[in-house]
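> Just so it is clear, I am handing over protein_22.txt, which has compact mmCIF, N, CA and C atoms.
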# COMPACT_ATOMS: atom_id res chain seq x y z
N ARG A 1 119.48 102.97 111.88
CA ARG A 1 118.20 102.72 112.54
C ARG A 1 117.85 103.88 113.48
N ARG A 2 118.84 104.32 114.26
CA ARG A 2 118.62 105.41 115.20
C ARG A 2 118.34 106.71 114.46
N GLU A 3 119.02 106.91 113.36
CA GLU A 3 118.81 108.12 112.56
C GLU A 3 117.39 108.17 112.02
N GLN A 4 116.87 107.03 111.60
CA GLN A 4 115.50 106.98 111.11
C GLN A 4 114.50 107.27 112.23
N ALA A 5 114.79 106.79 113.42
CA ALA A 5 113.91 107.05 114.56
C ALA A 5 113.90 108.54 114.89
N VAL A 6 115.05 109.17 114.88
CA VAL A 6 115.11 110.61 115.15
C VAL A 6 114.38 111.39 114.06
N TRP A 7 114.59 110.99 112.80
CA TRP A 7 113.91 111.65 111.68
C TRP A 7 112.39 111.50 111.82
N GLY A 8 111.94 110.30 112.17
CA GLY A 8 110.51 110.05 112.36
C GLY A 8 109.93 110.88 113.49
N LEU A 9 110.66 110.96 114.60
CA LEU A 9 110.21 111.75 115.74
C LEU A 9 110.14 113.23 115.37
N THR A 10 111.11 113.71 114.63
CA THR A 10 111.10 115.10 114.18
C THR A 10 109.90 115.37 113.28
N LEU A 11 109.61 114.45 112.39
CA LEU A 11 108.47 114.61 111.49
C LEU A 11 107.15 114.63 112.27
N VAL A 12 107.02 113.74 113.25
CA VAL A 12 105.81 113.71 114.07
C VAL A 12 105.65 115.03 114.83
N ILE A 13 106.74 115.54 115.37
CA ILE A 13 106.68 116.80 116.10
C ILE A 13 106.28 117.94 115.18
N ARG A 14 106.86 117.97 113.96
CA ARG A 14 106.53 119.04 113.01
C ARG A 14 105.07 118.98 112.57
N VAL A 15 104.50 117.79 112.49
CA VAL A 15 103.12 117.66 112.04
C VAL A 15 102.14 117.97 113.17
N PHE A 16 102.41 117.46 114.35
CA PHE A 16 101.43 117.57 115.43
C PHE A 16 101.55 118.83 116.27
N THR A 17 102.67 119.53 116.21
CA THR A 17 102.82 120.74 117.01
C THR A 17 101.79 121.81 116.66
N PRO A 18 101.54 122.12 115.38
CA PRO A 18 100.51 123.13 115.10
C PRO A 18 99.11 122.69 115.54
N VAL A 19 98.81 121.41 115.41
CA VAL A 19 97.49 120.92 115.82
C VAL A 19 97.34 121.04 117.34
N LEU A 20 98.37 120.64 118.07
CA LEU A 20 98.30 120.73 119.53
C LEU A 20 98.28 122.18 119.99
N ALA A 21 99.01 123.05 119.33
CA ALA A 21 99.01 124.46 119.71
C ALA A 21 97.63 125.07 119.48
N SER A 22 97.01 124.73 118.36
CA SER A 22 95.65 125.23 118.08
C SER A 22 94.66 124.71 119.12
N ALA A 23 94.72 123.42 119.43
CA ALA A 23 93.81 122.84 120.42
C ALA A 23 94.02 123.48 121.79
N ALA A 24 95.28 123.71 122.16
CA ALA A 24 95.56 124.33 123.45
C ALA A 24 95.05 125.77 123.48
N THR A 25 95.18 126.47 122.36
CA THR A 25 94.68 127.85 122.31
C THR A 25 93.17 127.90 122.43
N PHE A 26 92.49 127.01 121.70
CA PHE A 26 91.04 126.98 121.78
C PHE A 26 90.58 126.61 123.19
N ALA A 27 91.23 125.62 123.80
CA ALA A 27 90.86 125.19 125.16
C ALA A 27 91.09 126.32 126.16
N THR A 28 92.21 127.01 126.02
CA THR A 28 92.50 128.12 126.93
C THR A 28 91.48 129.24 126.77
N TYR A 29 91.14 129.55 125.53
CA TYR A 29 90.17 130.61 125.26
C TYR A 29 88.82 130.30 125.91
N VAL A 30 88.40 129.06 125.79
CA VAL A 30 87.09 128.68 126.33
C VAL A 30 87.12 128.58 127.85
N LEU A 31 88.20 128.07 128.43
CA LEU A 31 88.26 127.81 129.86
C LEU A 31 88.60 129.05 130.70
N VAL A 32 89.13 130.09 130.07
CA VAL A 32 89.51 131.28 130.83
C VAL A 32 88.28 131.99 131.38
N SER A 33 87.25 132.09 130.58
CA SER A 33 86.06 132.80 131.01
C SER A 33 84.82 132.12 130.44
N GLU A 34 83.75 132.15 131.20
CA GLU A 34 82.52 131.54 130.73
C GLU A 34 81.88 132.36 129.61
N SER A 35 82.24 133.64 129.51
CA SER A 35 81.65 134.48 128.48
C SER A 35 82.30 134.24 127.10
N HIS A 36 83.43 133.57 127.09
CA HIS A 36 84.09 133.27 125.81
C HIS A 36 83.42 132.06 125.17
N ILE A 37 82.84 132.29 124.03
CA ILE A 37 82.21 131.21 123.28
C ILE A 37 82.96 131.06 121.97
N LEU A 38 83.26 129.84 121.64
CA LEU A 38 84.03 129.56 120.43
C LEU A 38 83.11 129.59 119.21
N THR A 39 83.11 130.72 118.53
CA THR A 39 82.28 130.87 117.33
C THR A 39 83.13 130.64 116.09
N ALA A 40 82.47 130.58 114.95
CA ALA A 40 83.19 130.34 113.70
C ALA A 40 84.15 131.48 113.39
N SER A 41 83.74 132.71 113.64
CA SER A 41 84.61 133.85 113.33
C SER A 41 85.87 133.84 114.19
N VAL A 42 85.73 133.51 115.47
CA VAL A 42 86.90 133.42 116.36
C VAL A 42 87.79 132.25 115.94
N THR A 43 87.19 131.12 115.65
CA THR A 43 87.95 129.93 115.27
C THR A 43 88.75 130.17 114.00
N PHE A 44 88.12 130.71 112.97
CA PHE A 44 88.83 130.92 111.71
C PHE A 44 89.89 132.02 111.82
N THR A 45 89.64 133.01 112.66
CA THR A 45 90.65 134.05 112.88
C THR A 45 91.89 133.45 113.54
N ILE A 46 91.68 132.64 114.55
CA ILE A 46 92.82 132.01 115.23
C ILE A 46 93.57 131.07 114.28
N LEU A 47 92.83 130.27 113.51
CA LEU A 47 93.48 129.37 112.56
C LEU A 47 94.28 130.13 111.51
N MET A 48 93.74 131.27 111.04
CA MET A 48 94.46 132.08 110.06
C MET A 48 95.74 132.64 110.66
N LEU A 49 95.68 133.09 111.89
CA LEU A 49 96.89 133.61 112.55
C LEU A 49 97.94 132.51 112.73
N PHE A 50 97.50 131.31 113.09
CA PHE A 50 98.45 130.20 113.23
C PHE A 50 99.08 129.84 111.88
N ASN A 51 98.28 129.87 110.82
CA ASN A 51 98.83 129.58 109.48
C ASN A 51 99.83 130.64 109.06
N MET A 52 99.58 131.90 109.45
CA MET A 52 100.52 132.97 109.11
C MET A 52 101.83 132.80 109.89
N LEU A 53 101.77 132.26 111.08
CA LEU A 53 102.97 132.07 111.91
C LEU A 53 103.72 130.79 111.59
N LYS A 54 103.10 129.87 110.87
CA LYS A 54 103.71 128.57 110.61
C LYS A 54 105.02 128.69 109.82
N PHE A 55 105.03 129.50 108.77
CA PHE A 55 106.23 129.63 107.94
C PHE A 55 107.40 130.23 108.72
N PRO A 56 107.22 131.37 109.43
CA PRO A 56 108.38 131.89 110.19
C PRO A 56 108.88 130.93 111.27
N ILE A 57 107.98 130.20 111.89
CA ILE A 57 108.41 129.26 112.93
C ILE A 57 109.21 128.11 112.31
N ASN A 58 108.76 127.60 111.15
CA ASN A 58 109.52 126.55 110.48
C ASN A 58 110.87 127.06 110.01
N GLN A 59 110.93 128.29 109.55
CA GLN A 59 112.19 128.86 109.08
C GLN A 59 113.15 129.14 110.23
N ALA A 60 112.63 129.33 111.44
CA ALA A 60 113.49 129.58 112.59
C ALA A 60 114.40 128.38 112.86
N GLY A 61 113.88 127.18 112.68
CA GLY A 61 114.72 125.98 112.86
C GLY A 61 115.84 125.93 111.85
N GLN A 62 115.53 126.26 110.59
CA GLN A 62 116.58 126.28 109.57
C GLN A 62 117.57 127.40 109.83
N LEU A 63 117.09 128.53 110.33
CA LEU A 63 117.99 129.64 110.66
C LEU A 63 118.97 129.23 111.76
N LEU A 64 118.47 128.55 112.78
CA LEU A 64 119.35 128.08 113.85
C LEU A 64 120.37 127.08 113.33
N SER A 65 119.95 126.20 112.42
CA SER A 65 120.86 125.23 111.83
C SER A 65 121.96 125.93 111.05
N LYS A 66 121.59 126.90 110.23
CA LYS A 66 122.59 127.65 109.44
C LYS A 66 123.50 128.46 110.36
N ALA A 67 122.96 129.02 111.43
CA ALA A 67 123.78 129.77 112.37
C ALA A 67 124.80 128.85 113.05
N ALA A 68 124.39 127.64 113.41
CA ALA A 68 125.31 126.69 114.03
C ALA A 68 126.43 126.31 113.06
N LEU A 69 126.08 126.11 111.78
CA LEU A 69 127.11 125.81 110.78
C LEU A 69 128.06 126.99 110.60
N GLY A 70 127.52 128.20 110.63
CA GLY A 70 128.37 129.39 110.51
C GLY A 70 129.32 129.55 111.67
N ILE A 71 128.82 129.30 112.87
CA ILE A 71 129.68 129.38 114.06
C ILE A 71 130.78 128.34 114.00
N GLN A 72 130.43 127.13 113.57
CA GLN A 72 131.43 126.08 113.45
C GLN A 72 132.49 126.45 112.41
N ALA A 73 132.06 127.01 111.29
CA ALA A 73 133.01 127.43 110.26
C ALA A 73 133.93 128.54 110.78
N MET A 74 133.36 129.48 111.52
CA MET A 74 134.19 130.56 112.08
C MET A 74 135.21 130.02 113.08
N GLN A 75 134.82 129.02 113.87
CA GLN A 75 135.76 128.42 114.81
C GLN A 75 136.90 127.72 114.08
N ARG A 76 136.57 127.02 112.98
CA ARG A 76 137.61 126.35 112.21
C ARG A 76 138.56 127.35 111.58
N ILE A 77 138.02 128.43 111.02
CA ILE A 77 138.87 129.45 110.41
C ILE A 77 139.73 130.11 111.47
N SER A 78 139.14 130.40 112.63
CA SER A 78 139.91 131.01 113.72
C SER A 78 141.03 130.09 114.18
N GLN A 79 140.73 128.80 114.29
CA GLN A 79 141.75 127.84 114.70
C GLN A 79 142.88 127.79 113.67
N PHE A 80 142.53 127.84 112.39
CA PHE A 80 143.54 127.83 111.34
C PHE A 80 144.38 129.10 111.37
N MET A 81 143.73 130.25 111.58
CA MET A 81 144.45 131.52 111.58
C MET A 81 145.34 131.69 112.81
N ASP A 82 144.99 131.01 113.90
CA ASP A 82 145.77 131.12 115.14
C ASP A 82 146.99 130.19 115.16
N ARG A 83 147.15 129.36 114.14
CA ARG A 83 148.29 128.45 114.10
C ARG A 83 149.59 129.22 113.96
N ASP A 84 150.68 128.59 114.40
CA ASP A 84 151.99 129.22 114.30
C ASP A 84 152.39 129.36 112.84
N GLU A 85 153.18 130.38 112.58
CA GLU A 85 153.66 130.62 111.23
C GLU A 85 154.72 129.58 110.87
N GLN A 86 154.91 129.40 109.57
CA GLN A 86 155.97 128.51 109.09
C GLN A 86 157.33 129.13 109.40
N ASP A 87 158.29 128.28 109.62
CA ASP A 87 159.67 128.74 109.79
C ASP A 87 160.15 129.25 108.43
N PRO A 88 160.54 130.52 108.32
CA PRO A 88 160.91 131.05 107.00
C PRO A 88 162.13 130.36 106.39
N ASP A 89 162.94 129.67 107.21
CA ASP A 89 164.11 128.99 106.67
C ASP A 89 163.75 127.66 106.01
N THR A 90 162.58 127.11 106.31
CA THR A 90 162.20 125.83 105.73
C THR A 90 161.40 125.96 104.45
N VAL A 91 160.91 127.17 104.16
CA VAL A 91 160.10 127.38 102.97
C VAL A 91 160.82 128.36 102.06
N ASP A 92 161.02 127.97 100.81
CA ASP A 92 161.66 128.83 99.83
C ASP A 92 160.60 129.26 98.83
N VAL A 93 160.29 130.54 98.83
CA VAL A 93 159.30 131.07 97.91
C VAL A 93 160.06 131.80 96.81
N SER A 94 160.00 131.24 95.62
CA SER A 94 160.70 131.83 94.49
C SER A 94 159.91 133.04 93.98
N SER A 95 160.63 134.08 93.56
CA SER A 95 159.95 135.28 93.09
C SER A 95 159.40 135.13 91.68
N ASP A 96 160.00 134.27 90.86
CA ASP A 96 159.47 134.10 89.50
C ASP A 96 158.43 132.98 89.50
N SER A 97 157.43 133.14 88.65
CA SER A 97 156.34 132.16 88.61
C SER A 97 156.56 131.11 87.53
N SER A 98 157.71 131.12 86.89
CA SER A 98 157.96 130.14 85.83
C SER A 98 158.31 128.79 86.44
N GLU A 99 158.13 127.77 85.65
CA GLU A 99 158.40 126.41 86.14
C GLU A 99 159.89 126.17 86.24
N ASP A 100 160.26 125.19 87.06
CA ASP A 100 161.65 124.78 87.20
C ASP A 100 162.14 124.16 85.91
N LYS A 101 163.43 123.91 85.82
CA LYS A 101 163.97 123.30 84.60
C LYS A 101 163.48 121.86 84.44
N ASP A 102 163.05 121.21 85.54
CA ASP A 102 162.51 119.85 85.45
C ASP A 102 161.01 119.86 85.13
N GLY A 103 160.41 121.01 85.06
CA GLY A 103 158.97 121.09 84.80
C GLY A 103 158.14 121.03 86.07
N ALA A 104 158.78 121.08 87.25
CA ALA A 104 158.05 120.99 88.52
C ALA A 104 157.65 122.38 88.99
N VAL A 105 156.43 122.49 89.39
CA VAL A 105 155.96 123.75 89.95
C VAL A 105 156.12 123.73 91.47
N LEU A 106 155.99 122.55 92.07
CA LEU A 106 156.10 122.38 93.51
C LEU A 106 157.04 121.22 93.78
N GLU A 107 158.00 121.45 94.64
CA GLU A 107 158.95 120.40 94.97
C GLU A 107 159.03 120.28 96.49
N VAL A 108 158.93 119.05 96.98
CA VAL A 108 159.00 118.78 98.41
C VAL A 108 160.20 117.88 98.65
N LYS A 109 161.10 118.32 99.52
CA LYS A 109 162.27 117.51 99.88
C LYS A 109 162.20 117.22 101.38
N ASN A 110 162.29 115.94 101.72
CA ASN A 110 162.26 115.49 103.12
C ASN A 110 161.05 116.07 103.86
N GLY A 111 159.90 116.02 103.24
CA GLY A 111 158.68 116.56 103.84
C GLY A 111 157.95 115.52 104.66
N THR A 112 157.30 115.95 105.71
CA THR A 112 156.46 115.09 106.53
C THR A 112 155.08 115.70 106.57
N PHE A 113 154.05 114.89 106.26
CA PHE A 113 152.69 115.37 106.19
C PHE A 113 151.85 114.63 107.22
N PHE A 114 150.93 115.34 107.83
CA PHE A 114 150.06 114.76 108.84
C PHE A 114 148.61 114.93 108.42
N VAL A 115 147.81 113.92 108.72
CA VAL A 115 146.36 114.00 108.56
C VAL A 115 145.79 113.95 109.97
N GLY A 116 145.06 114.97 110.35
CA GLY A 116 144.55 115.04 111.72
C GLY A 116 145.47 115.90 112.55
N THR A 117 145.80 115.45 113.75
CA THR A 117 146.66 116.23 114.62
C THR A 117 148.10 115.80 114.43
N ALA A 118 149.01 116.68 114.76
CA ALA A 118 150.43 116.38 114.60
C ALA A 118 150.91 115.35 115.61
N ASP A 119 150.14 115.10 116.66
CA ASP A 119 150.53 114.15 117.70
C ASP A 119 150.31 112.70 117.29
N SER A 120 149.41 112.46 116.35
CA SER A 120 149.10 111.07 115.99
C SER A 120 150.12 110.54 115.01
N GLU A 121 150.82 109.50 115.40
CA GLU A 121 151.87 108.92 114.57
C GLU A 121 151.31 108.00 113.49
N SER A 122 150.09 107.48 113.69
CA SER A 122 149.53 106.52 112.74
C SER A 122 149.12 107.17 111.44
N ASN A 123 148.86 108.46 111.42
CA ASN A 123 148.42 109.14 110.22
C ASN A 123 149.56 109.83 109.48
N GLU A 124 150.80 109.52 109.83
CA GLU A 124 151.94 110.22 109.28
C GLU A 124 152.38 109.59 107.95
N SER A 125 152.72 110.44 106.99
CA SER A 125 153.27 110.00 105.72
C SER A 125 154.51 110.81 105.45
N SER A 126 155.65 110.15 105.20
CA SER A 126 156.90 110.85 104.93
C SER A 126 157.31 110.61 103.49
N PHE A 127 157.85 111.66 102.90
CA PHE A 127 158.38 111.59 101.54
C PHE A 127 159.80 112.07 101.57
N THR A 128 160.70 111.33 100.99
CA THR A 128 162.09 111.76 100.90
C THR A 128 162.53 111.70 99.45
N ASP A 129 163.47 112.57 99.12
CA ASP A 129 163.97 112.64 97.75
C ASP A 129 165.31 111.94 97.66
If you convert what's in this file into structure tokens, what do you get?

Amino acid sequence: RREQAVWGLTLVIRVFTPVLASAATFATYVLVSESHILTASVTFTILMLFNMLKFPINQAGQLLSKAALGIQAMQRISQFMDRDEQDPDTVDVSSDSSEDKDGAVLEVKNGTFFVGTADSESNESSFTD
């Protein structure tokens, strides 16, 4: 329900912002000086300029959204890259790429896996051989 309200408010803002900006521009133009008269040529010129600016302004919101996603992705990658290295004694990397005699490509013995943070005990799954 709240998401729909936010979506509706965003839609109203996107629709009415150009209209209000045009009205404010026309009002400012007329009220600044008594010699300014709102003629058809001035009105259509201003409307054309606003229409030309509409696309870049709408794209600016999408650009900010994509930039925020990019920053978040970089933070996640940085957090992953800053993690401690594996203990070389606990991981055995075989030099040959052939399968084991049992047909296993990956074997886990006495492994503990976590979903989320390592501090949370409720998300822990242990496998023993």
> Would you compute the distance between atom CA of A:Ala5 and atom CA of A:Ile71? Give it in Å to one decimal.
27.3 Å
> With 4 Å on each side, where is the centre of the axis-aligned box around all listed atoms of stretch 28-34 of chain A, and how long are its edges in Å to one decimal, as JSON?

{"center_x": 87.2, "center_y": 129.9, "center_z": 128.3, "size_x": 18.6, "size_y": 13.8, "size_z": 14.1}
> Could you name the residues that touch stretch 11-24 of chain A at 8 Å or less, counting all atoms listed in the file, but leaving out those on the same chain fewer than 6 positions away, as a list in words?
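Once the adjacent positions are removed, what remains is Ala5, Val30, Ile46, Leu47, Phe50 and Lys54 of chain A.
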> Dump N, CA and C atoms for the selected residues as a JSON list (two decimals), in the frame of the given file?

[["chain", "number", "residue", "atom", "x", "y", "z"],
["A", 5, "ALA", "N", 114.79, 106.79, 113.42],
["A", 5, "ALA", "CA", 113.91, 107.05, 114.56],
["A", 5, "ALA", "C", 113.90, 108.54, 114.89],
["A", 30, "VAL", "N", 88.40, 129.06, 125.79],
["A", 30, "VAL", "CA", 87.09, 128.68, 126.33],
["A", 30, "VAL", "C", 87.12, 128.58, 127.85],
["A", 46, "ILE", "N", 91.68, 132.64, 114.55],
["A", 46, "ILE", "CA", 92.82, 132.01, 115.23],
["A", 46, "ILE", "C", 93.57, 131.07, 114.28],
["A", 47, "LEU", "N", 92.83, 130.27, 113.51],
["A", 47, "LEU", "CA", 93.48, 129.37, 112.56],
["A", 47, "LEU", "C", 94.28, 130.13, 111.51],
["A", 50, "PHE", "N", 97.50, 131.31, 113.09],
["A", 50, "PHE", "CA", 98.45, 130.20, 113.23],
["A", 50, "PHE", "C", 99.08, 129.84, 111.88],
["A", 54, "LYS", "N", 103.10, 129.87, 110.87],
["A", 54, "LYS", "CA", 103.71, 128.57, 110.61],
["A", 54, "LYS", "C", 105.02, 128.69, 109.82]]
> Just to confirm, what's the straight-line distance from atom CA of A:Thr43 to atom C of A:Thr25 in Å (one decimal)?
9.1 Å
> Suppose you want the space between atom N of A:Met52 and atom C of A:Ala40; what is it in Å?
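These atoms are spaced 15.9 Å apart.
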> Write stretch 41-52 of chain A as a short mmCIF file (atom, residue, chain, number, x, y, z; two decimals), in the frame of the given file, completed to all heavy atoms.

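Okay, this is what ended up in selection.cif:
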data_model
loop_
_atom_site.label_atom_id
_atom_site.label_comp_id
_atom_site.auth_asym_id
_atom_site.auth_seq_id
_atom_site.Cartn_x
_atom_site.Cartn_y
_atom_site.Cartn_z
N SER A 41 83.74 132.71 113.64
CA SER A 41 84.61 133.85 113.33
C SER A 41 85.87 133.84 114.19
O SER A 41 86.97 134.09 113.71
CB SER A 41 83.86 135.17 113.51
OG SER A 41 83.46 135.34 114.85
N VAL A 42 85.73 133.51 115.47
CA VAL A 42 86.90 133.42 116.36
C VAL A 42 87.79 132.25 115.94
O VAL A 42 89.02 132.38 115.86
CB VAL A 42 86.44 133.27 117.83
CG1 VAL A 42 87.63 132.98 118.74
CG2 VAL A 42 85.70 134.51 118.29
N THR A 43 87.19 131.12 115.65
CA THR A 43 87.95 129.93 115.27
C THR A 43 88.75 130.17 114.00
O THR A 43 89.95 129.88 113.95
CB THR A 43 87.01 128.73 115.07
OG1 THR A 43 86.25 128.53 116.26
CG2 THR A 43 87.78 127.48 114.74
N PHE A 44 88.12 130.71 112.97
CA PHE A 44 88.83 130.92 111.71
C PHE A 44 89.89 132.02 111.82
O PHE A 44 90.94 131.96 111.18
CB PHE A 44 87.85 131.22 110.58
CG PHE A 44 87.09 130.01 110.14
CD1 PHE A 44 85.72 129.95 110.28
CD2 PHE A 44 87.75 128.91 109.61
CE1 PHE A 44 85.01 128.83 109.88
CE2 PHE A 44 87.07 127.79 109.21
CZ PHE A 44 85.68 127.74 109.35
N THR A 45 89.64 133.01 112.66
CA THR A 45 90.65 134.05 112.88
C THR A 45 91.89 133.45 113.54
O THR A 45 93.02 133.73 113.12
CB THR A 45 90.07 135.18 113.76
OG1 THR A 45 88.91 135.70 113.13
CG2 THR A 45 91.08 136.28 113.97
N ILE A 46 91.68 132.64 114.55
CA ILE A 46 92.82 132.01 115.23
C ILE A 46 93.57 131.07 114.28
O ILE A 46 94.80 131.06 114.24
CB ILE A 46 92.35 131.26 116.50
CG1 ILE A 46 91.86 132.27 117.54
CG2 ILE A 46 93.46 130.40 117.08
CD1 ILE A 46 91.20 131.65 118.74
N LEU A 47 92.83 130.27 113.51
CA LEU A 47 93.48 129.37 112.56
C LEU A 47 94.28 130.13 111.51
O LEU A 47 95.37 129.71 111.11
CB LEU A 47 92.44 128.47 111.90
CG LEU A 47 91.85 127.37 112.78
CD1 LEU A 47 90.76 126.63 112.04
CD2 LEU A 47 92.94 126.42 113.25
N MET A 48 93.74 131.27 111.04
CA MET A 48 94.46 132.08 110.06
C MET A 48 95.74 132.64 110.66
O MET A 48 96.80 132.63 110.02
CB MET A 48 93.58 133.22 109.56
CG MET A 48 94.23 134.03 108.45
SD MET A 48 93.24 135.38 107.88
CE MET A 48 93.28 136.46 109.28
N LEU A 49 95.68 133.09 111.89
CA LEU A 49 96.89 133.61 112.55
C LEU A 49 97.94 132.51 112.73
O LEU A 49 99.13 132.74 112.55
CB LEU A 49 96.52 134.24 113.89
CG LEU A 49 95.72 135.55 113.81
CD1 LEU A 49 95.29 135.99 115.20
CD2 LEU A 49 96.54 136.63 113.13
N PHE A 50 97.50 131.31 113.09
CA PHE A 50 98.45 130.20 113.23
C PHE A 50 99.08 129.84 111.88
O PHE A 50 100.27 129.53 111.81
CB PHE A 50 97.79 128.97 113.85
CG PHE A 50 97.82 128.97 115.34
CD1 PHE A 50 96.65 129.03 116.06
CD2 PHE A 50 99.01 128.91 116.04
CE1 PHE A 50 96.66 129.03 117.45
CE2 PHE A 50 99.04 128.92 117.41
CZ PHE A 50 97.86 128.99 118.12
N ASN A 51 98.28 129.87 110.82
CA ASN A 51 98.83 129.58 109.48
C ASN A 51 99.83 130.64 109.06
O ASN A 51 100.82 130.34 108.39
CB ASN A 51 97.72 129.45 108.45
CG ASN A 51 97.05 128.11 108.51
OD1 ASN A 51 97.66 127.12 108.91
ND2 ASN A 51 95.79 128.05 108.11
N MET A 52 99.58 131.90 109.45
CA MET A 52 100.52 132.97 109.11
C MET A 52 101.83 132.80 109.89
O MET A 52 102.90 133.16 109.39
CB MET A 52 99.91 134.33 109.40
CG MET A 52 98.83 134.71 108.39
SD MET A 52 97.91 136.22 108.74
CE MET A 52 99.07 137.29 109.48
#
